[in-house]
There are 2 protein chains.
Amino acid sequence: MKIIAAAIISALFMITYTNAQPQEITVVSPEFHEDGNVTFSILAPYAQEMKLHGSWMPDWNERIELVKGENGVWSVTVENLKPDYYTYSYFSNSLRMIDPHNALVIRDGRNHFSGFLLSGEESRYYEVNESHSGTLQEIWYSSPFLDLERRMVVYTPHGYETSGKKYPVLYLLHGGGGDEKAWSELGLANRILDNLIAGGEAEPMIVVMTNGNPNQTSSWFNTPGYSSEADPGFLNTMGNEQFERSLVDDVIPFIERNFRVIPEREYRAVAGLSMGGWQTQRLAYHHPEVFNYYGVMSMGVIRTGAFGYEVDELIEHTRIKMDQLNELGFELYWIACGIDDFLYDSVEHMVELLEANDFNFIYRESSGGHTWDRWRLYLSEFAPMLFK
Amino acid sequence: MKIIAAAIISALFMITYTNAQPQEITVVSPEFHEDGNVTFSILAPYAQEMKLHGSWMPDWNERIELVKGENGVWSVTVENLKPDYYTYSYFSNSLRMIDPHNALVIRDGRNHFSGFLLSGEESRYYEVNESHSGTLQEIWYSSPFLDLERRMVVYTPHGYETSGKKYPVLYLLHGGGGDEKAWSELGLANRILDNLIAGGEAEPMIVVMTNGNPNQTSSWFNTPGYSSEADPGFLNTMGNEQFERSLVDDVIPFIERNFRVIPEREYRAVAGLSMGGWQTQRLAYHHPEVFNYYGVMSMGVIRTGAFGYEVDELIEHTRIKMDQLNELGFELYWIACGIDDFLYDSVEHMVELLEANDFNFIYRESSGGHTWDRWRLYLSEFAPMLFK
């Protein structure tokens, strides 16, 4: 009798599909060693080959081979990783797959990767701060300008619910291929703010992460079976400036009605990466009365013109608009880019244009390329400069 | 010049890793046909075999074979699926994998599956209701009783932010292997409530989805690199009743401090599936003064005793406690189970015990087993009975 009961209890704790691969072997992957090395493993007795790509490799085509053990477990140990938040994939006969032994899967646009946090000094802002975690909300709003019901993600700092205080707001914009969940899932924006605020390094603030693709309602847009009235057609979202206007006309008023914020320019910041960096530039030039702080990450002004603009038009346009922002005054215009970024040249061009026009900005050049490890770093540097 | 600019624009819209598999072929999977059939595909030119298991197959070991086309795309068409929210996996040489062409991946405990919604009458409550979507919050709270900082997911109905009204609360408990995100991600609890409330079928209510494993802080608990002070050791969470006490001592007071709720028994409901159905029973018996509505899904009283209790002890204990609940009075005690559920016998036993003691309950027997399609159905039937 006891045995039957024990079996039932075991069954209750078993996830329905645990027996995907009948296995006597328990595989832990990734496995962290005391010397900082990390071992990746996968049980795949019938695979002919197994390779790994990790987000720490600058070249997407780089693969390292796993070695098969007698128990059918393939594994490889990676050395000298610096503490960071990483993604990785396995490849077997050209098929990319997640690590079946790892409970952490991270979505980047339409693709999924296994993930892990390597703890240490450099990744201290990316840890879950259990006792100072803010709240992350998925909240829907009407965009009359885009004629859509849309979803955004809003971070409120720890204690917001009961503090009675009003807060400043950072509007944080994702890149091409991203959506409203990119900055929390890949960028760890909430964890970074939790740790900065807990340590007194940043002011408590609300962070609004919208969907920057004006033809999408939400990240559900790309999932099978989701039905929407939204136009699924491709829009050149960087050229039409519809997102920028919807942010000013629809998003900001919604936030100021629904959250306890200080509804003044002095307490509004905007920052974005790549496509979001372009949108941040356009917001600076076309709506200079709205924001007091700007963060432009991994995006400049392309020398050959782009997004429907001829280069002369773009430069002249930008110059006039910069003058308007200069006249109005602002607290911070911060630019960040990695020297290996494929848009580095556009950023150099932007910096030249701004310097030639005596525009007051800070340029923070880093190592690295067009990747999330940079954008997490930039956010951890940018947020402490706000609202002080 | 234009060509370079166009290339850069294309690159910006490309997700960094899109070139995972250089491909000229665009694969859409799953693909929905007008006759209701669904085709599943995967580009895998070098695979030796490809099989599929879908959550509509009662036997986990059932596989259907995909057929390889000349272009290296394997596919299979499935007929006669009823409208529902489904998960599926591919298998190649025993390796289980998600569909790389599908942007929707759903986590069940530590495992991930591809997913899709097949639209229709039976799945109408599972659609995203863009114009009546409530808000989903991930919020952390202190549990002095468990000595942990923990995360919960809270659903507030559409309009909560500005209505000024106070709401009743449903506390919704997951099963073994689940966590605080199970009811929203697998159970679509927020979508079900959105649609029921929008249609006037259910009262607007707040739904609180806690983590029912008293040794866990959150679903992060199982992810690599997450550091926590919590005891990672296994606890028999169904026997020790620590969760039940923390719900009453810590969770409910937190909700009543931080949300606009009606803090009275008449406006509190609790429901749970499997392990959560056991916790619901214990809450009914040990804390009858707290809840007015009870939903016990896919869990009864095991005839041989369980969770540290001998069967006689369990029956006698339950009888006494039922008398207490009966004396106090309550609005609804609703039990639901599928006839193919592996715990069906325990539910029959519970029903016998309750009937023998003149306890006033409703038993809703359905087709099906111990699976999420049942629990979504049960929630869509239970929620309309609350707070009316």
# chains A, B, ... in the order shown; residues from 1 in each chain; ligands from 1
>>> interface_residues(of="chain B", to="chain A", cutoff="6 Å", atoms="only C-alpha atoms", output="PyMOL selection string")
chain B and resi 1+5+12-13+15+46+93+103-104+110+116-118+130-131+135-139+149+161+176-177+223-225+258+304+306
>>> write_last_selection(atoms="N, CA and C atoms", output="short mmCIF file (atom, residue, chain, number, x, y, z; two decimals), in the first residue's frame")
data_model
loop_
_atom_site.label_atom_id
_atom_site.label_comp_id
_atom_site.auth_asym_id
_atom_site.auth_seq_id
_atom_site.Cartn_x
_atom_site.Cartn_y
_atom_site.Cartn_z
N MET B 1 25.70 53.22 -53.52
CA MET B 1 25.47 53.81 -52.19
C MET B 1 24.14 53.33 -51.63
N ALA B 5 23.25 51.10 -48.16
CA ALA B 5 22.27 51.52 -47.16
C ALA B 5 21.19 50.47 -46.99
N LEU B 12 19.74 45.46 -39.90
CA LEU B 12 19.14 45.94 -38.66
C LEU B 12 17.87 45.17 -38.32
N PHE B 13 17.16 44.75 -39.36
CA PHE B 13 15.91 44.05 -39.11
C PHE B 13 16.13 42.56 -38.90
N ILE B 15 17.50 39.46 -37.01
CA ILE B 15 17.94 39.08 -35.67
C ILE B 15 19.36 38.52 -35.82
N TYR B 46 19.85 16.92 -43.22
CA TYR B 46 20.77 15.84 -42.87
C TYR B 46 20.23 14.90 -41.81
N ASN B 93 16.29 10.85 -33.84
CA ASN B 93 17.24 9.93 -33.20
C ASN B 93 17.21 10.08 -31.68
N ALA B 103 7.76 30.63 -33.40
CA ALA B 103 8.19 31.62 -32.40
C ALA B 103 7.58 31.40 -31.03
N LEU B 104 6.62 30.48 -30.92
CA LEU B 104 5.97 30.27 -29.62
C LEU B 104 6.53 29.04 -28.92
N ARG B 110 10.68 22.36 -16.10
CA ARG B 110 12.03 22.56 -16.63
C ARG B 110 12.10 22.28 -18.14
N PHE B 116 0.90 26.25 -30.15
CA PHE B 116 0.04 27.00 -31.07
C PHE B 116 -1.39 26.97 -30.57
N LEU B 117 -2.14 27.96 -31.00
CA LEU B 117 -3.56 28.00 -30.70
C LEU B 117 -4.32 27.65 -31.97
N LEU B 118 -5.15 26.64 -31.91
CA LEU B 118 -6.04 26.33 -33.03
C LEU B 118 -7.38 27.01 -32.71
N GLU B 130 -7.49 41.63 -27.31
CA GLU B 130 -6.66 42.83 -27.29
C GLU B 130 -7.31 44.01 -26.56
N SER B 131 -8.61 44.17 -26.77
CA SER B 131 -9.25 45.38 -26.22
C SER B 131 -9.80 45.17 -24.80
N THR B 135 -4.01 43.13 -16.82
CA THR B 135 -2.58 43.28 -16.62
C THR B 135 -2.04 42.08 -15.86
N LEU B 136 -0.85 41.63 -16.27
CA LEU B 136 -0.19 40.52 -15.60
C LEU B 136 1.07 41.08 -14.93
N GLN B 137 1.17 40.91 -13.63
CA GLN B 137 2.30 41.46 -12.89
C GLN B 137 3.15 40.33 -12.32
N GLU B 138 4.46 40.48 -12.42
CA GLU B 138 5.38 39.64 -11.68
C GLU B 138 5.84 40.48 -10.51
N ILE B 139 5.44 40.08 -9.33
CA ILE B 139 5.69 40.93 -8.15
C ILE B 139 6.29 40.09 -7.03
N GLU B 149 12.13 35.67 0.30
CA GLU B 149 11.54 36.63 -0.63
C GLU B 149 11.08 35.81 -1.82
N GLU B 161 -6.59 49.68 -13.26
CA GLU B 161 -5.69 50.79 -12.92
C GLU B 161 -6.45 52.09 -12.61
N GLY B 176 2.28 19.82 -9.09
CA GLY B 176 3.66 19.41 -8.87
C GLY B 176 4.50 19.61 -10.12
N GLY B 177 5.69 20.16 -9.95
CA GLY B 177 6.53 20.45 -11.10
C GLY B 177 6.29 21.83 -11.68
N THR B 223 17.02 27.79 -12.68
CA THR B 223 17.83 28.20 -13.83
C THR B 223 19.28 28.37 -13.44
N PRO B 224 20.19 28.00 -14.37
CA PRO B 224 21.62 28.00 -14.04
C PRO B 224 22.16 29.41 -13.79
N GLY B 225 22.85 29.55 -12.68
CA GLY B 225 23.44 30.83 -12.32
C GLY B 225 22.62 31.60 -11.31
N ASN B 258 -1.54 45.61 -0.99
CA ASN B 258 -0.96 46.17 -2.22
C ASN B 258 -1.93 46.29 -3.39
N THR B 304 -4.97 4.73 -0.17
CA THR B 304 -3.95 4.05 0.64
C THR B 304 -3.26 5.00 1.61
N ALA B 306 -1.51 9.04 2.02
CA ALA B 306 -0.45 9.70 1.26
C ALA B 306 0.06 10.91 2.00
#
>>> select_by_dssp(residues="segment 116-355 of chain B", states="strand (DSSP E)", output="JSON, numbers by chain")
{"B": [116, 117, 135, 136, 137, 138, 139, 140, 141, 142, 143, 148, 149, 150, 151, 152, 153, 154, 155, 156, 169, 170, 171, 172, 173, 206, 207, 208, 209, 268, 269, 270, 271, 272, 273, 293, 294, 295, 296, 297, 332, 333, 334, 335, 336, 337, 338]}
>>> atom_distance(atom1="atom CA of Lys68 of chain A", atom2="atom CA of Thr26 of chain A")
15.6 Å
>>> residues_around(residues="segment 323-339 of chain A", least_positions_apart="4", cutoff="8 Å", atoms="only C-alpha atoms", output="ChimeraX atom specification")
/A:284-285,288-289,291-299,319,344,347,359-370,374,378,382
>>> select_by_dssp(residues="segment 3-186 of chain B", states="helix (DSSP H, G or I)", output="ChimeraX atom specification")
/B:3-13,18-20,121-126,130-132,160-163,182-185
>>> atom_distance(atom1="atom CA of Leu52 of chain B", atom2="atom CA of Leu66 of chain B")
7.2 Å
>>> atom_distance(atom1="atom CA of Val78 of chain B", atom2="atom CA of Arg191 of chain B")
26.1 Å
